[in-house]
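*Asks:* Can you keep this structure in mind? I'll have questions shortly.
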Amino acid sequence: MPKKRSGGGLSPTQQAAKFLGVSVLAGAVMAGLALPAVGALGLAAKGTVESFDELPVNMKTPPLSQRTTILDAQGGQIATVYSRDRTVVDLKDISPYMQKAIIAIEDSRFYQHGAIDLKGVLRALNRNAQSGGVAEGASTLTQQYVKNVFVEEAGDDPTKVAQATQQTIGRKIQELKYAIQVEEELGKKKILENYLNITFFGQQAYGVEAAARRYFSKSAKDLTIPEAALLAGIVQSPSRYDPVNDETEATKRRNIVLRRMAEVGDISRAEAEKAKKAPLGLKVSKPKNGCITAVSGAGFFCDYVREVFLNDPVFGRTKKDRAKIWNQGGLTIRTTLDPQAQQAVGDSVREHVNKSDEVATAATIVEPGTGNILAMGQSRPYGFRKNETQINLSVDQSMGGGAGYQPGSTFKPIVAAAAIEGGMAPTKSYSSPYEMEYPNPVRACDGKTWNEQGVKLTNENEDEVGPYAMKEATAKSVNTYYVQLISDIGICPVTEMAAKMGVQRADGGKLAQAPSIALGTQEMSPLTMANGYATFAARGMHCTPIAIKSISRRVGEKTQSLEVPKSTCSRAMSEQTADTINTLLKGVVEDGTGTQAGLGSRQSAGKTGTTDFRYAAWFVGYTPNMAGAVWVGDPTHKRRMVDISIGGRWHPKVYGGEVPGPIWRDMMSGALDGKPAPNFNIIHIPDPEKDEDKDKGGGRSDGDDKGDGGFIGGLTNGGGNGGTVPTPTFSIPEGWIQGQGNGGNGNGNGGRR
């Protein structure tokens, strides 16, 4: 049933429209305007058209898609992303000249007629019949708005767009009925505002605000007479009257609009003539859409934010629901990104690794105790050209990253934390021979055991022969010590501790139930390692990483806040355990394998890691208020880092402390500049008594030395001639290992120092 007036019966506008829709519009008007050849022959149009009264009266108006703005933690813009570059503005924020120009050229009787302009229809019908073509249109501004709504609702679906723009009598009559509804519900000023916000102005600009900024780099409220006329003229044919690509045609069209504005009395003839003589005055701003335009190398962080939105159920029940909201846009996303830290990461990466190098680097900084991701960057920029990539080397595969990289010896502190949390003293000793077979059987989870025989491993140097206590074994990164340690406590406490710290495989698989995980054979991402070490920095509290602090969404004239995922913090280990690990790792940047990563007077702790065959090198470290991870390697796991140039410097062999270490030092120094410098809570770990004449090959393995503390001088290379630069230590038959990219389910040639 048609909509009735409160007093009964149809309004005069509805009566006229109904009459026109059923009789004239269904035949003569549509034939004469849209189908001139038919109109020349007669006024009857054949075909099935639903009764005007039976057409649905309620038009669903979708929210206009707009640009989404991604901000850093301080409110600075990182990037804008959109499917439609549009910023919705109120009518009061649109220049009066713009309002007058669009009405003058598109529908000069806008304020005199209803949903359709009967005089305009008859005038256009007569002129089109005389010319045998479409010399003049008769669609009102309201009808054009309705059509644009259909196009907007179609989105980027080409089939739906074709349906929304098809020139059929049925479609035109439907548009007319919806136009009547819109006129009654919105009123003229709101229709004008909506029209100016929805219309396409070419050059990827939707709506007058985006158009003003695209062509003149100013707001729509500041448009002058000639500028407003230019934009109004574009609407009829954005490609034909594009001032960027065809200044002559655009100028002709602008001048037509100016003449029309003078004819209807919006401006004087003198003003029109003056404006016609003015140059176009373009000040074009190129479209800046997507994470590829992000500032300070934050393209991958921007992409990570998008992945969080699309994958977290807090933003919608299904991925399709979440994608719809994302594509609709209109979001203002405040993130955790610290601009100082991000700049520091970018500067350090560019200083040490070239984007054209055979290997790449990725670095991430996380805030302990909050999970806030403060910075994320890599040497291969976000893009599609040579030496660029769309793969985020810092994150897990499910979030746009790769399959991860073996962390090497940077995993050993997790094994130590599991042992200490289980009651083992940090003075525990093992025989730690230079070479040994993996012990078996070894307890795994769910009552299972690992049992492989005849597989050997070695330490780095032949003179590295125990017994060693945990302090010295950690300093020297003794492989046999850590394999004996995990064999003693079992595999399950280690995998459970890793899970509590958020340390997981980058491909989403489970950690292998094998003692070789102690040597870092399971592929992980820099974000995972940085966040895991942040647990040590936060004295045992693990907080899940987050990138989004808040989101506001503009829908129509209203702004609403969206719920965002929060960091979940839980205790992974006691403060005593964390303090002990911090003590064990503190010296690495002072006089151990990571001296090149030292931060001067600011206390820091960390661990180097270099995988067997040198496919990857790491430095993961932290202060009490920031934790960062740096990985260097070939993402495809093909180029070994021997005899290689990185950042213009030649390296016979790459070590964790030599390349990743300085990257970490420089990025953390910049990120922490001007920030507080708290200290760790140091635990005293005494050195076990030693027999100077002991047989180095035998050693003791009871490890019952007890002690309540002690600060170690730091991770050192150990041995009389080891120095501070470690090398990978043990070899396993290459056909037997489970290297990167193949699941890593057994013992493998994982990381060393």
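Chain labels follow the order of the structure tokens: the first chain is A, the next B, and so on; residue numbering restarts at 1 in every chain, and ligands are counted from 1 in their shown order.
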Considering only C-alpha atoms, return as a PyMOL selection string whatever protein or nucleic-acid residues lie within 8 Å of segment 343-346 of chain A, sequence-local ones (same chain, fewer than 2 positions apart) excluded.

*Replies:* chain A and resi 296-297+339-341+348-350+363-364+375-378+666-671

*Asks:* Could you please take those selected residues and save C-alpha atoms as a PDB file, in the first residue's frame?

*Replies:*
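Result saved to part_4.pdb:
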```
ATOM      1  CA  SER A 296      58.116   5.993   9.403  1.00  0.00           C
ATOM      2  CA  GLY A 297      58.177   2.561   7.810  1.00  0.00           C
ATOM      3  CA  PRO A 339      56.417   7.214  17.161  1.00  0.00           C
ATOM      4  CA  GLN A 340      59.803   7.604  18.846  1.00  0.00           C
ATOM      5  CA  ALA A 341      60.344   3.854  19.029  1.00  0.00           C
ATOM      6  CA  SER A 348      68.559   1.376  12.883  1.00  0.00           C
ATOM      7  CA  VAL A 349      67.321  -1.061  10.248  1.00  0.00           C
ATOM      8  CA  ARG A 350      68.292   1.277   7.405  1.00  0.00           C
ATOM      9  CA  ALA A 363      62.619  -5.976  14.492  1.00  0.00           C
ATOM     10  CA  THR A 364      59.838  -5.516  17.031  1.00  0.00           C
ATOM     11  CA  ALA A 375      57.374  -0.552  17.065  1.00  0.00           C
ATOM     12  CA  MET A 376      57.663  -2.925  14.116  1.00  0.00           C
ATOM     13  CA  GLY A 377      59.893  -2.682  11.078  1.00  0.00           C
ATOM     14  CA  GLN A 378      61.998  -4.539   8.560  1.00  0.00           C
ATOM     15  CA  ASP A 666      70.702   1.391  18.118  1.00  0.00           C
ATOM     16  CA  MET A 667      66.948   0.874  17.974  1.00  0.00           C
ATOM     17  CA  MET A 668      66.626   0.508  21.744  1.00  0.00           C
ATOM     18  CA  SER A 669      68.884   3.503  22.404  1.00  0.00           C
ATOM     19  CA  GLY A 670      66.678   5.672  20.211  1.00  0.00           C
ATOM     20  CA  ALA A 671      63.431   4.252  21.573  1.00  0.00           C
TER      21      ALA A 671
END
```

*Asks:* Can you pull out the residues contacting Leu230 of chain A? Cut-off 8 Å, using only C-alpha atoms, and skip same-chain residues under 3 positions away; I want them as a PyMOL selection string.

*Replies:* chain A and resi 226-227+233-234+250-251+253-254+257+280

*Asks:* Identify, on the basis of only C-alpha atoms, every residue whose closest approach to Ala323 of chain A does not exceed 7 Å; exclude the query and any residue fewer than 4 positions from it along the same chain; express the result as a list in words.

*Replies:*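 Result of the neighbour search: Leu310, Lys319 and Asn327 of chain A.
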
*Asks:* Near segment 328-337 of chain A, counting only C-alpha atoms, which residues have an atom at most 9 Å away, once you skip same-chain residues fewer than 2 positions from it, shown as a VMD selection string?

*Replies:* chain A and resid 63 to 75 81 to 84 86 to 88 298 301 305 323 to 326 339 to 342 372 to 376 546 to 555

*Asks:* Do a neighbour search on Thr140 of chain A at 9 Å with only C-alpha atoms, toss out local chain neighbours closer than 3 positions, and write the hits as a list of chain:residue names.

*Replies:*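 In the requested format, the answer is A:Glu106, A:Asp107, A:Arg109, A:Phe110, A:His113, A:Gly114, A:Ala115, A:Ile116, A:Asp117, A:Gly120, A:Gly137, A:Gln143, A:Gln144, A:Tyr145.
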
*Asks:* Give me the residues within 6 Å of Pro660 of chain A as a list of chain:residue names, counting only C-alpha atoms and dropping any in the same chain fewer than 3 places off.

*Replies:*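 Everything that qualifies: A:Trp618, A:Phe619, A:Val630, A:Gly656, A:Ile663.
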
*Asks:* Output as a PDB file with C-alpha atoms, in the first residue's frame all residues of segment 152-271 of chain A that backbone DSSP marks as helix (DSSP H, G or I).

*Replies:*
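Final file, out_29.pdb:
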```
ATOM      1  CA  GLU A 152      26.942   2.769  -2.994  1.00  0.00           C
ATOM      2  CA  GLU A 153      25.031  -0.261  -1.754  1.00  0.00           C
ATOM      3  CA  ALA A 154      26.455  -2.289  -4.632  1.00  0.00           C
ATOM      4  CA  PRO A 158      30.534  -5.283 -10.714  1.00  0.00           C
ATOM      5  CA  THR A 159      27.316  -7.248 -11.163  1.00  0.00           C
ATOM      6  CA  LYS A 160      25.501  -5.255  -8.496  1.00  0.00           C
ATOM      7  CA  VAL A 161      26.888  -1.990  -9.868  1.00  0.00           C
ATOM      8  CA  ALA A 162      25.567  -2.876 -13.336  1.00  0.00           C
ATOM      9  CA  GLN A 163      22.160  -3.626 -11.856  1.00  0.00           C
ATOM     10  CA  ALA A 164      22.168  -0.348  -9.935  1.00  0.00           C
ATOM     11  CA  THR A 165      22.933   1.690 -13.061  1.00  0.00           C
ATOM     12  CA  ILE A 169      11.817   1.634 -17.036  1.00  0.00           C
ATOM     13  CA  GLY A 170      11.356  -0.512 -13.940  1.00  0.00           C
ATOM     14  CA  ARG A 171      14.529   0.817 -12.358  1.00  0.00           C
ATOM     15  CA  LYS A 172      13.577   4.437 -13.143  1.00  0.00           C
ATOM     16  CA  ILE A 173      10.110   4.053 -11.662  1.00  0.00           C
ATOM     17  CA  GLN A 174      11.606   2.472  -8.541  1.00  0.00           C
ATOM     18  CA  GLU A 175      14.026   5.379  -8.246  1.00  0.00           C
ATOM     19  CA  LEU A 176      11.099   7.782  -8.573  1.00  0.00           C
ATOM     20  CA  LYS A 177       9.114   6.166  -5.781  1.00  0.00           C
ATOM     21  CA  TYR A 178      12.137   6.153  -3.487  1.00  0.00           C
ATOM     22  CA  ALA A 179      12.740   9.802  -4.402  1.00  0.00           C
ATOM     23  CA  ILE A 180       9.245  10.644  -3.165  1.00  0.00           C
ATOM     24  CA  GLN A 181      10.019   8.910   0.136  1.00  0.00           C
ATOM     25  CA  VAL A 182      13.329  10.729   0.478  1.00  0.00           C
ATOM     26  CA  GLU A 183      11.746  14.134  -0.199  1.00  0.00           C
ATOM     27  CA  GLU A 184       9.143  13.581   2.510  1.00  0.00           C
ATOM     28  CA  GLU A 185      11.516  12.150   5.103  1.00  0.00           C
ATOM     29  CA  LEU A 186      14.676  14.235   4.690  1.00  0.00           C
ATOM     30  CA  LYS A 188      15.734  19.669   0.752  1.00  0.00           C
ATOM     31  CA  LYS A 189      18.765  20.712   2.789  1.00  0.00           C
ATOM     32  CA  LYS A 190      19.482  17.197   4.020  1.00  0.00           C
ATOM     33  CA  ILE A 191      19.096  15.806   0.509  1.00  0.00           C
ATOM     34  CA  LEU A 192      21.591  18.376  -0.756  1.00  0.00           C
ATOM     35  CA  GLU A 193      24.026  17.509   2.035  1.00  0.00           C
ATOM     36  CA  ASN A 194      23.718  13.777   1.348  1.00  0.00           C
ATOM     37  CA  TYR A 195      24.092  14.289  -2.385  1.00  0.00           C
ATOM     38  CA  LEU A 196      27.294  16.284  -2.003  1.00  0.00           C
ATOM     39  CA  ASN A 197      28.703  13.612   0.318  1.00  0.00           C
ATOM     40  CA  ILE A 198      27.862  10.608  -1.852  1.00  0.00           C
ATOM     41  CA  VAL A 208      32.863  17.086  -1.968  1.00  0.00           C
ATOM     42  CA  GLU A 209      35.272  17.163   0.989  1.00  0.00           C
ATOM     43  CA  ALA A 210      37.539  14.525  -0.563  1.00  0.00           C
ATOM     44  CA  ALA A 211      37.228  16.300  -3.935  1.00  0.00           C
ATOM     45  CA  ALA A 212      38.214  19.670  -2.488  1.00  0.00           C
ATOM     46  CA  ARG A 213      41.259  18.141  -0.852  1.00  0.00           C
ATOM     47  CA  ARG A 214      42.171  16.136  -3.950  1.00  0.00           C
ATOM     48  CA  TYR A 215      42.043  18.992  -6.467  1.00  0.00           C
ATOM     49  CA  PHE A 216      42.770  22.043  -4.315  1.00  0.00           C
ATOM     50  CA  ALA A 220      35.126  22.084   1.061  1.00  0.00           C
ATOM     51  CA  LYS A 221      34.106  25.028   3.254  1.00  0.00           C
ATOM     52  CA  ASP A 222      36.892  27.129   1.739  1.00  0.00           C
ATOM     53  CA  ILE A 225      33.444  30.547  -6.923  1.00  0.00           C
ATOM     54  CA  PRO A 226      35.640  29.172  -9.754  1.00  0.00           C
ATOM     55  CA  GLU A 227      36.738  26.187  -7.657  1.00  0.00           C
ATOM     56  CA  ALA A 228      33.159  25.299  -6.760  1.00  0.00           C
ATOM     57  CA  ALA A 229      32.106  25.625 -10.406  1.00  0.00           C
ATOM     58  CA  LEU A 230      34.902  23.299 -11.492  1.00  0.00           C
ATOM     59  CA  LEU A 231      33.875  20.579  -9.027  1.00  0.00           C
ATOM     60  CA  ALA A 232      30.185  20.924  -9.873  1.00  0.00           C
ATOM     61  CA  GLY A 233      30.989  20.516 -13.553  1.00  0.00           C
ATOM     62  CA  ILE A 234      32.914  17.287 -12.997  1.00  0.00           C
ATOM     63  CA  GLU A 247      42.432  21.009 -18.502  1.00  0.00           C
ATOM     64  CA  THR A 248      40.775  22.366 -21.652  1.00  0.00           C
ATOM     65  CA  GLU A 249      37.571  20.324 -21.329  1.00  0.00           C
ATOM     66  CA  ALA A 250      37.428  20.952 -17.590  1.00  0.00           C
ATOM     67  CA  THR A 251      37.751  24.706 -18.155  1.00  0.00           C
ATOM     68  CA  LYS A 252      34.945  24.715 -20.740  1.00  0.00           C
ATOM     69  CA  ARG A 253      32.712  22.795 -18.386  1.00  0.00           C
ATOM     70  CA  ARG A 254      33.556  25.080 -15.444  1.00  0.00           C
ATOM     71  CA  ASN A 255      32.635  28.128 -17.497  1.00  0.00           C
ATOM     72  CA  ILE A 256      29.278  26.572 -18.422  1.00  0.00           C
ATOM     73  CA  VAL A 257      28.548  26.182 -14.723  1.00  0.00           C
ATOM     74  CA  LEU A 258      29.577  29.784 -14.056  1.00  0.00           C
ATOM     75  CA  ARG A 259      27.280  31.028 -16.824  1.00  0.00           C
ATOM     76  CA  ARG A 260      24.410  29.003 -15.396  1.00  0.00           C
ATOM     77  CA  MET A 261      25.044  30.348 -11.896  1.00  0.00           C
ATOM     78  CA  ALA A 262      24.761  33.860 -13.302  1.00  0.00           C
ATOM     79  CA  GLU A 263      21.577  32.988 -15.252  1.00  0.00           C
ATOM     80  CA  ARG A 269      27.504  38.381 -14.472  1.00  0.00           C
ATOM     81  CA  ALA A 270      30.584  40.354 -13.502  1.00  0.00           C
ATOM     82  CA  GLU A 271      31.539  37.691 -10.958  1.00  0.00           C
TER      83      GLU A 271
END
```
